[in-house]
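Q: Sending over a structure as structure tokens; questions will come in a sec.
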Amino acid sequence: MTPEINIPEVLAEVTDVFARYEQALMANQPAVLDELFWNSLHTLRYGFSENHYGHAGISAFRASLPVQSPPRELLRTVITTYGRDFATANCEFRREGATAVGRQSQTWLRTADGWRVVAAHVSLLG
């Protein structure tokens, strides 16, 4: 059975939580970012030059960063929901003053605590 795609109220929920994530990333709010990742050993994040497994590993990496993420412009964002409890959020971005385009992919799952990122990937093109 194929889940219903982009149920309007579910799409609105994920769009809102994605915006909250982006705001926390740009404002260097690690507590919010930690909250929005699923607190599980199964959570993973592949970064520009590192891989992190489990919520604790992701949180430790974030805590080790000396400064917030450089300002960036979202060039294109595609959020798709699958049924009521699963979604993907993908965006292309450009950091301020850079020419390279970056990509970010997130897999979101509705949990008892709300929508949480269960897998994420960030990379730069070229």
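The way I read the labels, and the way they are meant: chains A, B, ... in the order of the structure tokens, residue 1 as the first residue of every chain, and ligand 1 as the first ligand shown, with later ones counted on from there.
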I'd like to know which residues of chain A are strand (DSSP E or B) (by DSSP, run on the backbone); could you write them as a PyMOL selection string?
A: chain A and resi 5+37+44-46+51-53+72-82+86-95+101-111+114-124
Q: Got a sec: who's within 9 Å of stretch 60-68 of chain A, counting only C-alpha atoms, leaving out chain neighbours fewer than 2 positions off, as a PDB file with N, CA, C and O atoms, in the first residue's frame?
A:
ATOM      1  N   LEU A  25      19.939  26.245  13.670  1.00  0.00           N
ATOM      2  CA  LEU A  25      21.257  26.077  13.062  1.00  0.00           C
ATOM      3  C   LEU A  25      21.923  27.435  12.859  1.00  0.00           C
ATOM      4  O   LEU A  25      23.089  27.626  13.197  1.00  0.00           O
ATOM      5  N   MET A  26      21.175  28.395  12.333  1.00  0.00           N
ATOM      6  CA  MET A  26      21.736  29.715  12.052  1.00  0.00           C
ATOM      7  C   MET A  26      21.974  30.529  13.334  1.00  0.00           C
ATOM      8  O   MET A  26      22.844  31.390  13.358  1.00  0.00           O
ATOM      9  N   ALA A  27      21.230  30.243  14.392  1.00  0.00           N
ATOM     10  CA  ALA A  27      21.370  30.989  15.648  1.00  0.00           C
ATOM     11  C   ALA A  27      22.269  30.272  16.654  1.00  0.00           C
ATOM     12  O   ALA A  27      22.399  30.727  17.784  1.00  0.00           O
ATOM     13  N   ASN A  28      22.882  29.169  16.243  1.00  0.00           N
ATOM     14  CA  ASN A  28      23.758  28.381  17.111  1.00  0.00           C
ATOM     15  C   ASN A  28      23.047  28.015  18.417  1.00  0.00           C
ATOM     16  O   ASN A  28      23.486  28.375  19.510  1.00  0.00           O
ATOM     17  N   GLN A  29      21.974  27.263  18.269  1.00  0.00           N
ATOM     18  CA  GLN A  29      21.200  26.786  19.410  1.00  0.00           C
ATOM     19  C   GLN A  29      21.331  25.265  19.493  1.00  0.00           C
ATOM     20  O   GLN A  29      20.432  24.526  19.073  1.00  0.00           O
ATOM     21  N   PRO A  30      22.466  24.771  20.010  1.00  0.00           N
ATOM     22  CA  PRO A  30      22.693  23.327  20.014  1.00  0.00           C
ATOM     23  C   PRO A  30      21.651  22.543  20.805  1.00  0.00           C
ATOM     24  O   PRO A  30      21.338  21.405  20.453  1.00  0.00           O
ATOM     25  N   LEU A  33      18.864  21.910  18.399  1.00  0.00           N
ATOM     26  CA  LEU A  33      19.296  20.935  17.398  1.00  0.00           C
ATOM     27  C   LEU A  33      19.333  19.537  18.007  1.00  0.00           C
ATOM     28  O   LEU A  33      18.867  18.568  17.389  1.00  0.00           O
ATOM     29  N   ASP A  34      19.863  19.418  19.217  1.00  0.00           N
ATOM     30  CA  ASP A  34      19.874  18.113  19.897  1.00  0.00           C
ATOM     31  C   ASP A  34      18.453  17.599  20.101  1.00  0.00           C
ATOM     32  O   ASP A  34      18.179  16.415  19.936  1.00  0.00           O
ATOM     33  N   HIS A  52      28.728  10.417  12.111  1.00  0.00           N
ATOM     34  CA  HIS A  52      28.334  10.328  13.516  1.00  0.00           C
ATOM     35  C   HIS A  52      27.192   9.337  13.650  1.00  0.00           C
ATOM     36  O   HIS A  52      26.214   9.402  12.902  1.00  0.00           O
ATOM     37  N   HIS A  55      22.597   9.418  18.822  1.00  0.00           N
ATOM     38  CA  HIS A  55      22.322  10.780  19.270  1.00  0.00           C
ATOM     39  C   HIS A  55      23.483  11.357  20.066  1.00  0.00           C
ATOM     40  O   HIS A  55      23.861  12.523  19.875  1.00  0.00           O
ATOM     41  N   ALA A  56      24.078  10.550  20.940  1.00  0.00           N
ATOM     42  CA  ALA A  56      25.180  11.052  21.770  1.00  0.00           C
ATOM     43  C   ALA A  56      26.369  11.490  20.919  1.00  0.00           C
ATOM     44  O   ALA A  56      26.988  12.514  21.196  1.00  0.00           O
ATOM     45  N   GLY A  57      26.697  10.733  19.874  1.00  0.00           N
ATOM     46  CA  GLY A  57      27.807  11.098  18.995  1.00  0.00           C
ATOM     47  C   GLY A  57      27.530  12.375  18.224  1.00  0.00           C
ATOM     48  O   GLY A  57      28.422  13.222  18.052  1.00  0.00           O
ATOM     49  N   ILE A  58      26.301  12.533  17.774  1.00  0.00           N
ATOM     50  CA  ILE A  58      25.914  13.742  17.040  1.00  0.00           C
ATOM     51  C   ILE A  58      25.979  14.946  17.976  1.00  0.00           C
ATOM     52  O   ILE A  58      26.518  16.001  17.637  1.00  0.00           O
ATOM     53  N   PRO A  70      28.158  28.919   9.405  1.00  0.00           N
ATOM     54  CA  PRO A  70      28.184  30.170   8.642  1.00  0.00           C
ATOM     55  C   PRO A  70      26.800  30.469   8.063  1.00  0.00           C
ATOM     56  O   PRO A  70      26.064  29.545   7.715  1.00  0.00           O
ATOM     57  N   PRO A  71      26.438  31.741   7.968  1.00  0.00           N
ATOM     58  CA  PRO A  71      25.149  32.079   7.366  1.00  0.00           C
ATOM     59  C   PRO A  71      25.043  31.464   5.981  1.00  0.00           C
ATOM     60  O   PRO A  71      26.036  31.346   5.255  1.00  0.00           O
TER      61      PRO A  71
END
Q: Choose the residue, out of A:Asn6, A:Thr107, A:Asn51, A:Ser123, that has the smallest atom-to-atom separation from A:Phe93; count only C-alpha atoms.
A: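 Going through A:Asn6, A:Thr107, A:Asn51, A:Ser123 one by one, the smallest distance to A:Phe93 is for A:Ser123.
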Q: Run DSSP on the backbone and give me the residues of chain A it puts in alpha helix (DSSP H), as an NGL selection string.
A: :A and (8-26 or 30-36 or 55-64)
Q: Tell me which of A:Val10, A:Ala24, A:Val117, A:Cys91 sits closest to A:Ser105, counting only C-alpha atoms.
A: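 Answer, going by the shortest atom-to-atom distance: A:Cys91.
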Q: Tell me which protein, DNA and RNA residues are within 12 Å of A:Ile5, counting only C-alpha atoms, leaving out same-chain ones fewer than 6 positions away, and put them as a list in words.
A: Leu11, Ile79, Thr80, Thr81, Tyr82, Gly83, Arg84, Asp85, Phe86, Ala87 and Thr88 of chain A
Q: Restricted to C-alpha atoms, what would the selected residues look like written as a PDB file, in the first residue's frame?
A:
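Just written: result_7.pdb:
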ATOM      1  CA  LEU A  11       3.289  18.781   5.318  1.00  0.00           C
ATOM      2  CA  ILE A  79       9.814  18.525   1.767  1.00  0.00           C
ATOM      3  CA  THR A  80       7.782  15.389   1.142  1.00  0.00           C
ATOM      4  CA  THR A  81       5.616  13.558   3.636  1.00  0.00           C
ATOM      5  CA  TYR A  82       4.681   9.894   3.336  1.00  0.00           C
ATOM      6  CA  GLY A  83       1.557   9.139   5.319  1.00  0.00           C
ATOM      7  CA  ARG A  84       1.318  10.822   8.718  1.00  0.00           C
ATOM      8  CA  ASP A  85       4.551   9.737  10.391  1.00  0.00           C
ATOM      9  CA  PHE A  86       7.439   9.862   7.900  1.00  0.00           C
ATOM     10  CA  ALA A  87       8.980  12.652   5.836  1.00  0.00           C
ATOM     11  CA  THR A  88      12.080  13.791   3.991  1.00  0.00           C
TER      12      THR A  88
END
Q: For stretch 42-47 of chain A, find every residue with an atom within 6 Å (counting only C-alpha atoms), except residues of its own chain fewer than 5 positions away, and show them as a PyMOL selection string.
A: chain A and resi 52-55+118-122
Q: What does the distance between atom CA of A:Phe37 and atom CA of A:Asp16 come to in Å, to one decimal place?
A: 15.1 Å
Q: Mind giving me the straight-line distance from atom CA of A:Val78 to atom CA of A:Val32 in Å, one decimal?
A: 22.0 Å
Q: Taking a cut-off of 9 Å and counting only C-alpha atoms, can you build a table that, for each residue of stretch 41-90 of chain A near stretch 97-104 of chain A, reports the nearest atom pair and how far apart they are in Å (one decimal), sorted by chain then residue number, as a tab-separated table?
A:
residue	atom	partner	partner_atom	distance
A:Arg72	CA	A:Gly97	CA	8.9
A:Leu75	CA	A:Val101	CA	8.8
A:Ala89	CA	A:Gln104	CA	8.1
A:Asn90	CA	A:Gln104	CA	5.6
Q: If I take atom CA of A:Arg116 and atom CA of A:Ser59, how far is one from the other in Å, to one decimal?
A: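 Atom CA of A:Ser59 lies 14.0 Å from atom CA of A:Arg116.
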Q: Extract, using only C-alpha atoms, all DNA, RNA and protein residues at most 10 Å from A:Asp113, discarding same-chain residues fewer than 3 positions from it, and format them as number ranges by chain.
A: A: 35-36, 38-39, 110, 116
